$ cat structure_39.tsv   # TSV, C-alpha atoms
chain	number	residue	atom	x	y	z
A	875	MET	CA	36.19	60.46	-58.97
A	876	ALA	CA	33.88	58.46	-61.26
A	877	THR	CA	32.87	60.31	-64.43
A	878	ILE	CA	29.41	60.11	-66.02
A	879	PHE	CA	30.94	57.91	-68.74
A	880	GLU	CA	32.39	55.61	-66.08
A	881	ARG	CA	28.99	55.33	-64.39
A	882	LEU	CA	27.37	54.44	-67.72
A	883	LEU	CA	29.94	51.75	-68.40
A	884	GLY	CA	29.35	50.41	-64.89
A	885	VAL	CA	25.73	49.64	-65.81
A	886	PHE	CA	26.92	47.16	-68.43
A	887	SER	CA	30.01	45.77	-66.69
A	888	LEU	CA	30.76	43.78	-63.55
A	889	ASP	CA	32.99	45.99	-61.44
A	890	MET	CA	35.30	43.95	-59.25
A	891	GLY	CA	37.38	44.28	-56.10
A	892	ILE	CA	40.53	42.17	-55.90
A	893	ASP	CA	42.57	41.32	-52.84
A	894	LEU	CA	45.80	40.55	-54.68
A	895	GLY	CA	47.63	38.58	-52.02
A	896	THR	CA	50.95	36.79	-51.85
A	897	ALA	CA	49.25	33.53	-50.83
A	898	ASN	CA	45.67	33.90	-52.12
A	899	THR	CA	43.68	36.17	-54.40
A	900	ALA	CA	40.08	36.91	-53.45
A	901	VAL	CA	37.65	38.57	-55.85
A	902	CYS	CA	34.34	40.23	-55.05
A	903	VAL	CA	31.67	41.69	-57.30
A	904	GLY	CA	29.52	44.60	-56.25
A	905	GLY	CA	26.20	43.32	-54.91
A	906	GLN	CA	27.31	39.67	-55.07
A	907	GLY	CA	30.01	39.43	-52.40
A	908	ILE	CA	33.03	37.12	-52.61
A	909	VAL	CA	32.84	35.12	-55.82
A	910	LEU	CA	36.33	33.62	-55.96
A	911	CYS	CA	39.25	32.87	-53.64
A	912	GLU	CA	42.14	30.87	-55.04
A	913	PRO	CA	45.89	30.53	-54.42
A	914	SER	CA	48.13	33.10	-56.13
A	915	VAL	CA	49.97	30.42	-58.09
A	916	VAL	CA	50.56	29.92	-61.83
A	917	ALA	CA	51.97	26.81	-63.55
A	918	VAL	CA	54.14	27.48	-66.60
A	919	ARG	CA	56.41	25.59	-68.95
A	920	LYS	CA	59.86	25.98	-67.45
A	921	GLY	CA	61.98	28.71	-69.00
A	922	THR	CA	58.93	30.40	-70.57
A	923	ASN	CA	55.89	32.41	-69.54
A	924	GLU	CA	53.55	29.94	-71.23
A	925	VAL	CA	50.76	29.12	-68.79
A	926	LEU	CA	49.81	25.46	-69.02
A	927	ASN	CA	46.42	24.06	-70.01
A	928	GLY	CA	45.77	26.91	-72.44
A	929	GLY	CA	46.14	29.58	-69.76
A	930	GLU	CA	43.97	27.73	-67.22
A	931	ALA	CA	46.70	26.34	-64.91
A	932	VAL	CA	46.15	29.06	-62.33
A	933	GLY	CA	44.96	29.11	-58.72
A	934	ASN	CA	43.79	25.79	-57.27
A	935	ALA	CA	44.94	23.79	-60.30
A	936	ALA	CA	48.44	25.27	-60.08
A	937	LYS	CA	48.81	24.97	-56.31
A	938	ASP	CA	48.39	21.22	-56.55
A	939	MET	CA	51.63	21.26	-58.58
A	940	LEU	CA	53.74	23.17	-56.00
A	941	ASP	CA	56.84	21.14	-55.04
A	942	LYS	CA	55.63	18.28	-57.28
A	943	CYS	CA	56.48	19.49	-60.78
A	944	PRO	CA	58.58	17.47	-63.26
A	945	GLY	CA	61.63	19.18	-64.76
A	946	ASN	CA	59.76	20.85	-67.61
A	947	ILE	CA	57.04	22.49	-65.48
A	948	GLU	CA	57.32	25.21	-62.86
A	949	ALA	CA	54.68	26.39	-60.37
A	950	ILE	CA	55.29	30.08	-59.67
A	951	ARG	CA	53.99	32.43	-57.00
A	952	PRO	CA	54.33	35.75	-58.86
A	953	LEU	CA	53.98	37.95	-55.75
A	954	ARG	CA	56.53	38.09	-52.97
A	955	SER	CA	56.07	40.07	-49.77
A	956	GLY	CA	52.92	41.58	-51.21
A	957	VAL	CA	54.49	43.01	-54.38
A	958	ILE	CA	54.87	41.76	-57.92
A	959	SER	CA	58.05	39.79	-58.51
A	960	ASP	CA	57.07	38.51	-61.96
A	961	PHE	CA	55.19	41.06	-64.07
A	962	GLU	CA	54.09	38.79	-66.94
A	963	ILE	CA	52.97	35.90	-64.75
A	964	THR	CA	50.95	38.28	-62.54
A	965	GLU	CA	49.28	39.64	-65.66
A	966	ALA	CA	48.39	36.10	-66.78
A	967	MET	CA	47.00	35.29	-63.34
A	968	LEU	CA	44.87	38.44	-63.19
A	969	ALA	CA	43.60	37.81	-66.73
A	970	TYR	CA	42.52	34.32	-65.69
A	971	PHE	CA	40.66	35.54	-62.60
A	972	ILE	CA	39.00	38.41	-64.51
A	973	ARG	CA	37.96	36.01	-67.27
A	974	LYS	CA	36.60	33.50	-64.76
A	975	VAL	CA	34.47	36.08	-62.96
A	976	HIS	CA	33.62	38.55	-65.75
A	977	LYS	CA	31.87	36.30	-68.24
A	978	ARG	CA	30.34	38.95	-70.48
A	979	SER	CA	31.70	38.12	-73.91
A	980	TRP	CA	30.74	41.23	-75.86
A	981	GLY	CA	33.81	43.26	-75.01
A	982	MET	CA	32.88	45.33	-71.96
A	983	ARG	CA	35.83	45.45	-69.56
A	984	PRO	CA	35.48	45.70	-65.77
A	985	ARG	CA	36.57	48.48	-63.45
A	986	LEU	CA	38.88	47.09	-60.76
A	987	ILE	CA	39.76	48.09	-57.22
A	988	VAL	CA	42.95	46.28	-56.25
A	989	SER	CA	44.43	46.14	-52.75
A	990	VAL	CA	48.16	46.77	-52.17
A	991	PRO	CA	50.32	46.77	-49.01
A	992	MET	CA	51.04	50.03	-47.21
A	993	GLY	CA	54.37	51.63	-47.99
A	994	ILE	CA	55.09	50.12	-51.40
A	995	THR	CA	56.83	52.36	-53.91
A	996	ALA	CA	55.27	54.29	-56.78
A	997	VAL	CA	57.02	51.91	-59.19
A	998	GLU	CA	55.43	48.91	-57.46
A	999	LYS	CA	52.01	50.59	-57.55
A	1000	ARG	CA	52.35	51.32	-61.27
A	1001	ALA	CA	53.31	47.68	-61.84
A	1002	VAL	CA	50.00	46.56	-60.28
A	1003	ILE	CA	47.98	49.06	-62.33
A	1004	GLU	CA	49.71	48.17	-65.60
A	1005	SER	CA	49.32	44.43	-64.96
A	1006	ALA	CA	45.60	44.84	-64.26
A	1007	GLU	CA	45.06	47.05	-67.33
A	1008	ARG	CA	46.90	44.64	-69.61
A	1009	ALA	CA	44.92	41.77	-68.07
A	1010	GLY	CA	41.66	43.35	-69.24
A	1011	ALA	CA	40.55	46.11	-66.84
A	1012	ARG	CA	39.16	49.33	-68.29
A	1013	SER	CA	40.27	51.33	-65.24
A	1014	VAL	CA	42.17	50.44	-62.08
A	1015	TYR	CA	42.14	51.97	-58.60
A	1016	LEU	CA	44.37	50.96	-55.73
A	1017	ILE	CA	43.42	50.79	-52.06
A	1018	GLU	CA	45.92	50.14	-49.29
A	1019	GLN	CA	45.26	46.82	-47.60
A	1020	PRO	CA	44.82	47.99	-44.00
A	1021	LYS	CA	42.24	50.57	-45.10
A	1022	ALA	CA	40.33	47.91	-47.03
A	1023	ALA	CA	40.68	45.40	-44.19
A	1024	ALA	CA	39.41	47.91	-41.61
A	1025	LEU	CA	36.44	48.74	-43.82
A	1026	GLY	CA	35.72	45.06	-44.46
A	1027	ALA	CA	36.00	44.32	-40.73
A	1028	GLY	CA	33.34	46.94	-39.97
A	1029	LEU	CA	35.58	49.49	-38.24
A	1030	PRO	CA	34.26	53.09	-38.30
A	1031	ILE	CA	37.23	54.48	-40.22
A	1032	SER	CA	35.34	57.65	-41.22
A	1033	ASP	CA	34.83	58.70	-37.58
A	1034	PRO	CA	37.07	61.27	-35.86
A	1035	SER	CA	38.36	58.59	-33.49
A	1036	GLY	CA	41.05	55.94	-33.64
A	1037	SER	CA	40.73	52.41	-34.98
A	1038	MET	CA	43.58	49.90	-35.24
A	1039	ILE	CA	43.83	47.05	-37.72
A	1040	VAL	CA	46.45	44.29	-37.97
A	1041	ASP	CA	46.15	42.57	-41.36
A	1042	ILE	CA	48.24	39.37	-41.48
A	1043	GLY	CA	48.49	38.06	-45.01
A	1044	GLY	CA	50.81	35.58	-46.67
A	1045	GLY	CA	53.68	37.95	-47.42
A	1046	THR	CA	53.11	41.05	-45.28
A	1047	THR	CA	51.65	42.10	-41.95
A	1048	ASP	CA	50.11	45.57	-42.27
A	1049	ILE	CA	49.56	47.39	-38.98
A	1050	ALA	CA	47.72	50.71	-39.09
A	1051	VAL	CA	45.92	53.19	-36.88
A	1052	LEU	CA	43.18	55.01	-38.80
A	1053	SER	CA	40.95	58.03	-38.27
A	1054	LEU	CA	38.81	60.13	-40.64
A	1055	GLN	CA	39.59	57.73	-43.53
A	1056	GLY	CA	43.28	58.47	-43.14
A	1057	VAL	CA	46.27	56.63	-41.71
A	1058	VAL	CA	47.59	58.14	-38.48
A	1059	THR	CA	50.54	55.76	-38.20
A	1060	TYR	CA	51.46	52.42	-39.71
A	1061	GLU	CA	54.08	49.70	-40.12
A	1062	THR	CA	54.41	47.14	-42.89
A	1063	LEU	CA	56.27	44.06	-41.76
A	1064	ARG	CA	57.40	41.75	-44.54
A	1065	ILE	CA	56.92	38.84	-42.18
A	1066	ALA	CA	53.59	37.01	-42.19
A	1067	GLY	CA	52.03	33.63	-42.99
A	1068	ASP	CA	54.80	32.49	-45.35
A	1069	GLU	CA	57.44	33.05	-42.66
A	1070	LEU	CA	55.37	31.05	-40.16
A	1071	THR	CA	55.25	28.20	-42.68
A	1072	GLN	CA	58.98	28.44	-43.35
A	1073	ALA	CA	59.70	28.44	-39.60
A	1074	ILE	CA	57.85	25.13	-39.31
A	1075	ILE	CA	59.87	23.65	-42.21
A	1076	GLU	CA	63.17	24.67	-40.60
A	1077	TYR	CA	62.13	23.41	-37.16
A	1078	ILE	CA	61.16	20.00	-38.50
A	1079	LYS	CA	64.49	19.80	-40.32
A	1080	SER	CA	66.56	20.63	-37.26
A	1081	GLN	CA	64.51	18.92	-34.53
A	1082	CYS	CA	62.89	15.99	-36.33
A	1083	GLY	CA	65.42	15.22	-39.07
A	1084	LEU	CA	62.72	15.34	-41.76
A	1085	HIS	CA	62.48	17.60	-44.80
A	1086	VAL	CA	58.86	18.52	-45.58
A	1087	GLY	CA	57.51	20.73	-48.33
A	1088	GLU	CA	55.67	24.02	-48.14
A	1089	GLN	CA	52.22	22.48	-48.55
A	1090	THR	CA	52.82	19.98	-45.76
A	1091	ALA	CA	54.05	22.72	-43.42
A	1092	GLU	CA	51.01	24.82	-44.22
A	1093	LYS	CA	48.72	21.89	-43.41
A	1094	ILE	CA	50.52	21.45	-40.08
A	1095	LYS	CA	50.07	25.15	-39.28
A	1096	ILE	CA	46.34	25.00	-40.00
A	1097	ALA	CA	45.70	21.63	-38.35
A	1098	ILE	CA	47.56	21.97	-35.03
A	1099	GLY	CA	49.25	25.39	-35.03
A	1100	SER	CA	48.79	27.74	-32.06
A	1101	VAL	CA	50.65	30.59	-30.39
A	1102	VAL	CA	49.50	30.07	-26.77
A	1103	PRO	CA	49.02	26.87	-24.74
A	1104	LEU	CA	45.77	25.42	-26.00
A	1105	GLU	CA	44.34	25.10	-22.51
A	1106	LEU	CA	44.11	28.93	-22.47
A	1107	ILE	CA	41.52	28.79	-25.26
A	1108	GLY	CA	39.64	25.75	-23.98
A	1109	ALA	CA	41.33	23.11	-26.12
A	1110	GLU	CA	43.82	20.27	-25.68
A	1111	GLU	CA	47.28	19.90	-27.17
A	1112	MET	CA	47.35	17.92	-30.44
A	1113	GLN	CA	49.71	15.95	-32.60
A	1114	MET	CA	49.79	14.66	-36.17
A	1115	GLU	CA	51.81	12.35	-38.34
A	1116	ILE	CA	53.98	14.03	-40.95
A	1117	ARG	CA	55.78	12.57	-43.95
A	1118	GLY	CA	58.72	13.78	-45.98
A	1119	ARG	CA	62.35	12.94	-46.74
A	1120	ASP	CA	64.45	11.57	-43.89
A	1121	LEU	CA	67.63	13.66	-43.76
A	1122	ARG	CA	69.69	10.76	-42.36
A	1123	THR	CA	68.86	8.25	-45.08
A	1124	ASN	CA	67.56	10.56	-47.85
A	1125	LEU	CA	64.69	8.11	-48.15
A	1126	PRO	CA	60.98	8.76	-47.55
A	1127	GLY	CA	60.18	8.84	-43.85
A	1128	ARG	CA	57.58	9.77	-41.28
A	1129	THR	CA	57.39	11.09	-37.75
A	1130	HIS	CA	54.98	12.85	-35.39
A	1131	ILE	CA	54.89	16.51	-34.40
A	1132	THR	CA	52.94	18.09	-31.56
A	1133	SER	CA	51.17	21.43	-31.27
A	1134	VAL	CA	53.72	22.35	-28.56
A	1135	GLN	CA	56.55	21.91	-31.08
A	1136	VAL	CA	54.72	23.89	-33.76
A	1137	ARG	CA	54.18	26.70	-31.25
A	1138	GLU	CA	57.89	26.68	-30.44
A	1139	ALA	CA	58.74	26.83	-34.15
A	1140	MET	CA	56.53	29.84	-34.82
A	1141	ALA	CA	57.33	31.78	-31.64
A	1142	PRO	CA	60.15	33.98	-33.05
A	1143	VAL	CA	57.98	35.13	-35.97
A	1144	VAL	CA	54.99	35.92	-33.76
A	1145	GLU	CA	57.25	37.83	-31.36
A	1146	LYS	CA	58.40	40.07	-34.23
A	1147	MET	CA	54.76	40.82	-35.08
A	1148	ALA	CA	54.00	41.75	-31.46
A	1149	THR	CA	57.09	43.98	-31.29
A	1150	THR	CA	56.01	45.82	-34.44
A	1151	ILE	CA	52.49	46.34	-33.04
A	1152	LYS	CA	54.06	47.89	-29.93
A	1153	GLN	CA	56.26	50.16	-32.08
A	1154	THR	CA	53.18	51.37	-33.97
A	1155	LEU	CA	51.35	52.08	-30.71
A	1156	VAL	CA	54.33	54.02	-29.34
A	1157	ARG	CA	54.06	56.43	-32.28
A	1158	THR	CA	50.29	56.86	-31.94
A	1159	PRO	CA	49.16	60.33	-30.74
A	1160	PRO	CA	47.79	60.28	-27.17
A	1161	GLU	CA	44.18	61.19	-28.06
A	1162	ILE	CA	44.03	58.40	-30.63
A	1163	ALA	CA	45.73	56.03	-28.17
A	1164	ALA	CA	43.00	56.88	-25.66
A	1165	ASP	CA	40.36	55.68	-28.14
A	1166	LEU	CA	42.18	52.36	-28.51
A	1167	VAL	CA	42.02	51.63	-24.78
A	1168	ASP	CA	38.35	50.68	-25.17
A	1169	ARG	CA	38.15	49.97	-28.90
A	1170	GLY	CA	41.26	47.78	-28.99
A	1171	ILE	CA	42.79	46.07	-32.01
A	1172	MET	CA	41.08	44.21	-34.85
A	1173	LEU	CA	42.83	41.25	-36.54
A	1174	ALA	CA	42.24	40.50	-40.21
A	1175	GLY	CA	43.86	38.45	-42.97
A	1176	GLY	CA	44.33	34.69	-43.29
A	1177	GLY	CA	47.01	34.68	-40.58
A	1178	ALA	CA	44.52	36.03	-38.04
A	1179	ALA	CA	42.89	32.59	-37.93
A	1180	LEU	CA	45.91	31.12	-36.12
A	1181	ARG	CA	44.76	29.70	-32.78
A	1182	GLY	CA	45.32	31.97	-29.81
A	1183	LEU	CA	46.78	34.88	-31.75
A	1184	ASP	CA	44.25	37.31	-30.30
A	1185	VAL	CA	45.01	36.07	-26.76
A	1186	TYR	CA	48.77	36.37	-27.34
A	1187	PHE	CA	48.63	39.94	-28.68
A	1188	GLU	CA	46.22	40.98	-25.93
A	1189	ARG	CA	48.69	39.83	-23.29
A	1190	GLU	CA	51.60	41.53	-25.06
A	1191	VAL	CA	50.07	44.98	-25.62
A	1192	ASN	CA	47.50	45.11	-22.81
A	1193	LEU	CA	44.65	46.12	-25.14
A	1194	PRO	CA	41.48	44.25	-26.19
A	1195	VAL	CA	42.14	42.20	-29.33
A	1196	LYS	CA	39.57	40.42	-31.48
A	1197	ARG	CA	39.49	38.91	-34.94
A	1198	CYS	CA	36.91	39.93	-37.50
A	1199	ASN	CA	34.39	37.57	-39.04
A	1200	GLU	CA	36.00	35.50	-41.83
A	1201	PRO	CA	39.33	37.37	-41.58
A	1202	ILE	CA	40.70	35.99	-44.86
A	1203	TYR	CA	37.98	37.95	-46.72
A	1204	ALA	CA	38.26	41.26	-44.83
A	1205	VAL	CA	40.26	43.08	-47.53
A	1206	ALA	CA	38.03	41.84	-50.35
A	1207	ARG	CA	34.91	42.86	-48.42
A	1208	GLY	CA	36.47	46.30	-47.98
A	1209	THR	CA	36.84	46.68	-51.73
A	1210	GLU	CA	33.21	45.57	-52.09
A	1211	ALA	CA	32.15	48.34	-49.67
A	1212	VAL	CA	33.98	50.88	-51.85
A	1213	LEU	CA	32.28	49.56	-54.99
A	1214	ALA	CA	28.91	49.95	-53.25
A	1215	ASP	CA	29.56	53.59	-52.29
A	1216	PHE	CA	32.29	54.81	-54.59
A	1217	ASP	CA	31.87	58.53	-53.96
A	1218	THR	CA	31.95	58.24	-50.16
A	1219	TYR	CA	35.19	56.27	-50.18
A	1220	ALA	CA	36.87	57.90	-53.19
A	1221	ASP	CA	39.55	59.46	-50.98
A	1222	LEU	CA	40.75	55.97	-50.03
A	1223	LEU	CA	41.70	55.23	-53.64
A	1224	GLU	CA	44.63	55.97	-55.93
A	1225	SER	CA	44.64	55.86	-59.72
A	1226	SER	CA	47.50	56.11	-62.20
A	1227	GLU	CA	46.97	59.88	-62.22
A	1228	ASP	CA	47.71	60.08	-58.48
A	1229	ILE	CA	50.99	58.16	-58.61
$ encode --input "structure_39.tsv" --output "C-alpha cells"
Amino acid sequence: MATIFERLLGVFSLDMGIDLGTANTAVCVGGQGIVLCEPSVVAVRKGTNEVLNGGEAVGNAAKDMLDKCPGNIEAIRPLRSGVISDFEITEAMLAYFIRKVHKRSWGMRPRLIVSVPMGITAVEKRAVIESAERAGARSVYLIEQPKAAALGAGLPISDPSGSMIVDIGGGTTDIAVLSLQGVVTYETLRIAGDELTQAIIEYIKSQCGLHVGEQTAEKIKIAIGSVVPLELIGAEEMQMEIRGRDLRTNLPGRTHITSVQVREAMAPVVEKMATTIKQTLVRTPPEIAADLVDRGIMLAGGGAALRGLDVYFEREVNLPVKRCNEPIYAVARGTEAVLADFDTYADLLESSEDI
C-alpha cells in the first residue's frame, strides 16, 4: 500500500497513530510508543469556532472548563458516539495534537493512521479523513477500533482461529470476533463510558436529590464504581462525599454515595453490554465459537478498567474474560503495531480511495 515516495517521506517525518475517541484522544509515534493522551475537548468563544488561547485551549486545558464556562465560552466535545459531530472543531483539535507531537518545523507533514468505530458510514469515514488532512496530515488511513484494539492487546488476529475483543470507549462499545485479520461478526453499541457517567448523574438526582456535573460523576465512577459486589474481587465496599446543587433548595449541597449505589446506577447500562456480547456470540460460526471456549474474551478501552467488569461478563457468558494491559491504550498501541509493520497489516486499513 505504501509507495516508494511514501517510504522516502517517512524517513523525514514522524508517522503517527491516533485513537480518536469520544472521551480521550491517544497518539503514538512509531518506535516511541504513546506520546500523548488528552481529553477530546475544545474550548471556543461561544457562537464561533475560535479556539481560545490562540488555538491551545484543547485537551487537558479545555476539560478543566467543562460545566464551568462563563456565558461567552463553550467547552465542546466534537465527537459523539465515536463519530464527528462538529467538523471544524474536530479539525482544530487534530491540528493541535499533530502540532504538539510533530514538532518538525520545516514543512514535512505526518502520515496518520486513525481509528474509527466499526459500522460507521462512508460519509462519516470521509469526514475523519478530510478533517485529518486539513489538520496537517499528508496521508490518512483508517483502522476499525476493534481490529486495532485486538492488535494492541496482543491477540493473534492473523491466525486462522477466533479471537474476541470488547472495546469499551467513551461513546461506543465495539464487540468483534476476528480471524485471519478479518471480522467474522461484530456489534457496535452506542452505549459506553459516557452512558455509565450519565446513569450516575441521573441516579444521584433521583435518589440523593443532588445535581452533580459530568466531571464529578466521572470521578465517582473511577473512585468507587464497580459492577459486582467488591467482596468478589477481594475488596470492601466504599463511599465518598459528593457536592453539587441541592434540588430541594437550589443551593450548594453535599451528601455521601456508596459503591453499592453506584453499582445500582450503572447496572442497566452494563446489562445492555452483556446482552450485546451474547448476541454477537450467537451469530459466531461454531468452529470459531469452539476457539473462544479456551481463548475467551479480551476487554480493552478505558471502560474496561471498571472494577469487576471481567468477573461480571464471565458470569454472564460463561467464557473466560480478561482485560488487557493498560486497556485505555490498546487501540493506540494497535496503530503503533501497524506503523511498525505497514505491509503486513495493510489489509486492515482503508484510505480515501477505498471508501
$ residues_around --input "structure_39.tsv" --residues "A:Met1140" --least-positions-apart "2" --cutoff "7 Å" --atoms "all atoms listed in the file" --output "PyMOL selection string"
chain A and resi 1070+1073-1074+1136-1138+1142-1144
$ closest_residue --input "structure_39.tsv" --among "A:Arg1122, A:Gln1113, A:Leu1222, A:Leu968" --to "A:Glu1004" --atoms "only C-alpha atoms"
A:Leu968
$ atom_distance --input "structure_39.tsv" --atom1 "atom CA of A:Val1195" --atom2 "atom CA of A:Gly1170"
5.7 Å
$ residues_around --input "structure_39.tsv" --residues "stretch 981-997 of chain A" --least-positions-apart "6" --cutoff "8 Å" --atoms "all atoms listed in the file" --output "ChimeraX atom specification"
/A:883-884,886-894,956-957,1006,1010-1020,1022,1046,1048,1060-1062,1205,1209,1213,1229
$ atom_distance --input "structure_39.tsv" --atom1 "atom CA of A:Gly933" --atom2 "atom CA of A:Arg1000"
23.5 Å
$ residues_around --input "structure_39.tsv" --residues "A:Thr1132" --least-positions-apart "3" --cutoff "8 Å" --atoms "all atoms listed in the file" --output "list in words"
Ile1098, Glu1111, Met1112, Gln1113, Met1114, Gln1135 and Val1136 of chain A
$ closest_residue --input "structure_39.tsv" --among "A:Glu1069, A:Val918, A:Ala935, A:Cys943" --to "A:Glu1092" --atoms "all atoms listed in the file"
A:Glu1069
$ residues_near_point --input "structure_39.tsv" --point "(55.4, 56.7, -33.2)" --cutoff "10 Å" --atoms "all atoms listed in the file" --output "PyMOL selection string"
chain A and resi 1058-1061+1152-1159
$ write_last_selection --input "structure_39.tsv" --atoms "C-alpha atoms" --output "PDB file, in the coordinates of the input"
ATOM      1  CA  VAL A1058      47.590  58.140 -38.480  1.00  0.00           C
ATOM      2  CA  THR A1059      50.540  55.760 -38.200  1.00  0.00           C
ATOM      3  CA  TYR A1060      51.460  52.420 -39.710  1.00  0.00           C
ATOM      4  CA  GLU A1061      54.080  49.700 -40.120  1.00  0.00           C
ATOM      5  CA  LYS A1152      54.060  47.890 -29.930  1.00  0.00           C
ATOM      6  CA  GLN A1153      56.260  50.160 -32.080  1.00  0.00           C
ATOM      7  CA  THR A1154      53.180  51.370 -33.970  1.00  0.00           C
ATOM      8  CA  LEU A1155      51.350  52.080 -30.710  1.00  0.00           C
ATOM      9  CA  VAL A1156      54.330  54.020 -29.340  1.00  0.00           C
ATOM     10  CA  ARG A1157      54.060  56.430 -32.280  1.00  0.00           C
ATOM     11  CA  THR A1158      50.290  56.860 -31.940  1.00  0.00           C
ATOM     12  CA  PRO A1159      49.160  60.330 -30.740  1.00  0.00           C
TER      13      PRO A1159
END
$ atom_distance --input "structure_39.tsv" --atom1 "atom CA of A:Ile1162" --atom2 "atom CA of A:Gly1036"
4.9 Å
$ closest_residue --input "structure_39.tsv" --among "A:Glu1007, A:Asp1165, A:Asp1068, A:Asp1215" --to "A:Glu1088" --atoms "all atoms listed in the file"
A:Asp1068
$ closest_residue --input "structure_39.tsv" --among "A:Phe1187, A:Asn898, A:Thr964, A:Gln1055" --to "A:Leu1223" --atoms "all atoms listed in the file"
A:Gln1055
$ closest_residue --input "structure_39.tsv" --among "A:Ala917, A:Thr896, A:Asn927, A:Ile972" --to "A:Ile958" --atoms "only C-alpha atoms"
A:Thr896
$ closest_residue --input "structure_39.tsv" --among "A:Ile1078, A:Ala1024, A:Ala1211, A:Ile1031" --to "A:Leu1121" --atoms "all atoms listed in the file"
A:Ile1078
